[in-house]
Structure formats: structure tokens, C-alpha cells
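Trainee: One file: input34.pdb (PDB, C-alpha atoms).
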ATOM      1  CA  MET A   3     -27.194   2.924  10.928
ATOM      2  CA  ALA A   4     -25.340   2.815  14.241
ATOM      3  CA  ALA A   5     -27.453   2.572  17.355
ATOM      4  CA  SER A   6     -27.586   5.620  19.554
ATOM      5  CA  GLY A   7     -24.518   5.795  21.765
ATOM      6  CA  THR A   8     -22.347   3.503  19.612
ATOM      7  CA  ALA A   9     -19.554   4.826  17.453
ATOM      8  CA  ALA A  10     -19.539   4.061  13.750
ATOM      9  CA  PRO A  11     -16.578   1.907  12.748
ATOM     10  CA  ARG A  12     -13.623   3.808  11.355
ATOM     11  CA  CYS A  13     -12.747   3.342   7.713
ATOM     12  CA  LEU A  14      -9.301   1.753   7.826
ATOM     13  CA  VAL A  15      -7.622   1.243   4.468
ATOM     14  CA  GLN A  16      -4.404  -0.403   3.376
ATOM     15  CA  TYR A  17      -3.013   1.362   0.337
ATOM     16  CA  VAL A  18      -0.771  -0.520  -2.094
ATOM     17  CA  VAL A  19       1.072   1.359  -4.849
ATOM     18  CA  VAL A  20       2.379  -0.705  -7.762
ATOM     19  CA  ARG A  21       4.596   0.342 -10.648
ATOM     20  CA  SER A  22       2.410   0.252 -13.763
ATOM     21  CA  ASP A  23       5.426   0.269 -16.090
ATOM     22  CA  LEU A  24       6.230  -3.278 -14.972
ATOM     23  CA  VAL A  25       3.193  -4.484 -16.925
ATOM     24  CA  HIS A  26       2.783  -1.859 -19.631
ATOM     25  CA  THR A  27       6.404  -1.139 -20.583
ATOM     26  CA  LEU A  28       8.570  -3.943 -19.215
ATOM     27  CA  SER A  29       6.036  -6.695 -20.021
ATOM     28  CA  TRP A  30       6.095  -8.438 -16.644
ATOM     29  CA  PRO A  31       3.375 -11.087 -16.376
ATOM     30  CA  LEU A  32       0.356  -9.743 -14.507
ATOM     31  CA  GLY A  33       0.552 -12.582 -11.976
ATOM     32  CA  ALA A  34       4.135 -11.650 -11.104
ATOM     33  CA  VAL A  35       3.103  -8.045 -10.480
ATOM     34  CA  ILE A  36       0.152  -9.111  -8.328
ATOM     35  CA  SER A  37       2.571 -11.265  -6.307
ATOM     36  CA  GLN A  38       4.714  -8.195  -5.660
ATOM     37  CA  ALA A  39       1.690  -6.333  -4.281
ATOM     38  CA  CYS A  40       0.825  -9.316  -2.058
ATOM     39  CA  HIS A  41       4.394  -9.461  -0.724
ATOM     40  CA  ALA A  42       4.389  -5.740   0.120
ATOM     41  CA  ALA A  43       0.954  -5.828   1.786
ATOM     42  CA  THR A  44       1.868  -8.856   3.895
ATOM     43  CA  ALA A  45       5.210  -7.338   4.888
ATOM     44  CA  ALA A  46       3.594  -4.024   5.900
ATOM     45  CA  ILE A  47       1.090  -5.875   8.098
ATOM     46  CA  HIS A  48       3.857  -8.017   9.631
ATOM     47  CA  LEU A  49       6.137  -5.053  10.367
ATOM     48  CA  ASN A  50       3.277  -3.167  12.037
ATOM     49  CA  TYR A  51       1.459  -6.120  13.587
ATOM     50  CA  ASN A  52       1.207  -4.615  17.089
ATOM     51  CA  ASP A  53      -0.007  -1.230  15.839
ATOM     52  CA  PRO A  54      -3.565  -0.508  17.102
ATOM     53  CA  ASP A  55      -4.850   0.374  13.604
ATOM     54  CA  THR A  56      -3.382  -2.848  12.207
ATOM     55  CA  GLN A  57      -5.007  -4.887  14.960
ATOM     56  CA  GLU A  58      -8.369  -3.216  14.356
ATOM     57  CA  TYR A  59      -8.010  -3.820  10.588
ATOM     58  CA  LEU A  60      -7.233  -7.496  11.118
ATOM     59  CA  ALA A  61     -10.109  -7.906  13.575
ATOM     60  CA  GLU A  62     -12.526  -7.103  10.733
ATOM     61  CA  LEU A  63     -11.185  -9.906   8.539
ATOM     62  CA  ASP A  64     -14.214 -10.140   6.258
ATOM     63  CA  SER A  65     -14.414  -6.404   5.624
ATOM     64  CA  MET A  66     -10.820  -5.334   5.035
ATOM     65  CA  HIS A  67     -10.367  -2.483   2.553
ATOM     66  CA  LYS A  68      -7.393  -2.237   0.219
ATOM     67  CA  VAL A  69      -6.855   0.337  -2.505
ATOM     68  CA  VAL A  70      -4.344  -0.467  -5.244
ATOM     69  CA  LEU A  71      -2.870   2.564  -6.969
ATOM     70  CA  GLN A  72      -0.327   2.901  -9.757
ATOM     71  CA  ALA A  73       3.013   4.673  -9.826
ATOM     72  CA  LEU A  74       4.172   5.364 -13.353
ATOM     73  CA  ASP A  75       7.742   4.160 -12.841
ATOM     74  CA  GLN A  76      10.522   3.437 -10.359
ATOM     75  CA  ALA A  77      11.317   7.136  -9.871
ATOM     76  CA  SER A  78       7.745   8.017  -8.860
ATOM     77  CA  LEU A  79       7.541   5.001  -6.526
ATOM     78  CA  SER A  80      10.857   5.887  -4.873
ATOM     79  CA  SER A  81       9.818   9.528  -4.533
ATOM     80  CA  LEU A  82       6.578   8.473  -2.840
ATOM     81  CA  SER A  83       8.491   6.217  -0.445
ATOM     82  CA  GLU A  84      10.776   9.131   0.492
ATOM     83  CA  THR A  85       7.775  11.420   1.062
ATOM     84  CA  LEU A  86       6.051   8.827   3.235
ATOM     85  CA  THR A  87       9.221   8.345   5.274
ATOM     86  CA  GLU A  88       9.583  12.118   5.745
ATOM     87  CA  LYS A  89       5.954  12.348   6.920
ATOM     88  CA  GLY A  90       6.342   9.415   9.326
ATOM     89  CA  VAL A  91       3.934   7.171   7.415
ATOM     90  CA  ALA A  92       4.686   3.494   8.063
ATOM     91  CA  HIS A  93       5.105   1.542   4.846
ATOM     92  CA  LYS A  94       7.146  -1.198   3.210
ATOM     93  CA  LEU A  95       8.920  -0.560  -0.072
ATOM     94  CA  TRP A  96       9.088  -3.998  -1.687
ATOM     95  CA  ILE A  97      12.371  -4.616  -3.520
ATOM     96  CA  GLU A  98      12.375  -7.740  -5.646
ATOM     97  CA  GLN A  99      15.456  -9.918  -5.145
ATOM     98  CA  PRO A 100      17.881 -10.878  -6.507
ATOM     99  CA  GLU A 101      17.234  -8.167  -9.124
ATOM    100  CA  ASN A 102      17.193  -5.422  -6.436
ATOM    101  CA  VAL A 103      14.271  -3.704  -8.218
ATOM    102  CA  PRO A 104      11.703  -1.659  -6.262
ATOM    103  CA  THR A 105       8.331  -2.885  -7.528
ATOM    104  CA  CYS A 106       5.683  -1.568  -5.150
ATOM    105  CA  LEU A 107       4.986  -0.357  -1.664
ATOM    106  CA  ALA A 108       2.265  -0.899   0.881
ATOM    107  CA  LEU A 109       1.236   1.232   3.819
ATOM    108  CA  LYS A 110       0.146  -0.211   7.125
ATOM    109  CA  PRO A 111      -3.616   0.184   7.588
ATOM    110  CA  TYR A 112      -4.545   3.808   8.310
ATOM    111  CA  PRO A 113      -7.748   5.782   8.630
ATOM    112  CA  LYS A 114      -8.399   6.831   5.029
ATOM    113  CA  ASP A 115      -8.458  10.561   5.745
ATOM    114  CA  THR A 116      -5.036  10.378   7.421
ATOM    115  CA  VAL A 117      -3.034   9.294   4.359
ATOM    116  CA  HIS A 118      -5.271   9.914   1.341
ATOM    117  CA  PRO A 119      -3.931  13.462   0.805
ATOM    118  CA  LEU A 120      -0.412  12.033   0.319
ATOM    119  CA  LEU A 121      -1.679   9.606  -2.330
ATOM    120  CA  ARG A 122      -4.129  11.855  -4.162
ATOM    121  CA  LYS A 123      -2.024  12.158  -7.338
ATOM    122  CA  PHE A 124      -1.891   8.377  -7.866
ATOM    123  CA  LYS A 125      -4.671   6.768  -9.927
ATOM    124  CA  LEU A 126      -6.236   3.350  -9.436
ATOM    125  CA  PHE A 127      -4.074   0.597 -10.925
ATOM    126  CA  LYS A 128      -5.228  -0.500 -14.371
TER
END
Before we go any further, please render this structure as C-alpha cells.

Mentor:
Amino acid sequence: MAASGTAAPRCLVQYVVVRSDLVHTLSWPLGAVISQACHAATAAIHLNYNDPDTQEYLAELDSMHKVVLQALDQASLSSLSETLTEKGVAHKLWIEQPENVPTCLALKPYPKDTVHPLLRKFKLFK
């Protein structure tokens, strides 16, 4: 419980959305798919390093929160990326090279209630 007069810390979350068809339909090794998510998350942090939310998120190194969701396929991932761009939500769509295949995306850290409504239809990655 926060002491009187001190604000409770905000719940900052970095969302990562990964194509589930890479594992379940296209038979990518799980480690390769996890690497894609790591690339996207790192890139989103790097691209938004000076953002106040990103700095606050990084300052709490031992209590960072990430949520990994699944997009069913490339079309749903691309559609989400377009929606996020239209809404001004900072994110990185990771495109694996040299194949030029979009595999996942990661948002910069945001207060959960700010971006959760845009991600509500995506389930936890399994």
C-alpha cells in the first residue's frame, strides 16, 4: 500500500503480438519465433528510447511487464499495424530479412489502459 501522499506506480506494459501461424501452420521452430519477438521488443524500445514512458519502464528493470499476444496470420498482424499507425500508437513491425516476412510487432511501453482496447481481440500467445 502506498504511503499517504505518494502516488502508486503506473502500470506500464510492453505488448508484443506474434503470428501464431508461424509455429502452428508453417512449423517454424519455437526458438526462432521467440527470437522474432525479442527483436521487435528491443527495436521498439530503441526507437522510443527518449520517450518518458519508455524511460520510466526501463527504470523499473526488475519489474518490467510484457504481454505476448497472438495474431492468427500475416493479414491480421498487418491490419493491427495499420490500425496502430492510424491511432498514433508507436510500435515496430518486425519484418524478417532476407525473406521480407512480417513476423510480429511490439509496442513501446504504454500505460495498460491506453492501448489495451486496441488489442482486446488478440488472445495470449499459446

Trainee: Name all residues at most 9 Å from A:Asp53 (count only C-alpha atoms; drop same-chain ones fewer than 4 positions away) and give them as a PyMOL selection string.

Mentor: chain A and resi 57-58+110

Trainee: What is the distance, in Å and to one decimal place, between atom CA of A:His48 and atom CA of A:Leu109?

Mentor: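 Going from atom CA of A:His48 over to atom CA of A:Leu109, I get 11.2 Å.
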
Trainee: Using the chain letters and numbers from the file, which residues does the PyMOL selection byres ((chain A and resi 43) around 12) grab, as a ChimeraX atom specification?

Mentor: /A:15-20,36-42,44-51,56,67-70,92-96,106-111

Trainee: Could you check how far atom CA of A:Val35 sits from atom CA of A:Ala77, in Å to one decimal?

Mentor: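 For atom CA of A:Val35 relative to atom CA of A:Ala77, the distance reads 17.3 Å.
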
Trainee: For the atom pair atom CA of A:Leu86 and atom CA of A:Arg122, what is the interatomic distance in Å to one decimal place?

Mentor: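 Taking atom CA of A:Leu86 as the start and atom CA of A:Arg122 as the end point, the length is 12.9 Å.
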
Trainee: For A:His26, which residue out of A:Arg12, A:Lys114, A:Lys123, A:Lys128 is the nearest one, using only C-alpha atoms?

Mentor: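 Checking each candidate against A:His26, we get A:Lys128 as the closest.
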
Trainee: For the file shown, report as an MDAnalysis selection string the outcome of the PyMOL selection byres ((chain A and resi 82) around 10) at residue level.

Mentor: chainID A and resid 19 73 76:81 83:88 95 107 120:121 124

Trainee: Which residue gives the smallest distance to A:Lys125 among A:Ala34, A:Leu28, A:Ser22, A:Asn102, with only C-alpha atoms counted?

Mentor: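 The answer is A:Ser22, which sits nearest to A:Lys125.
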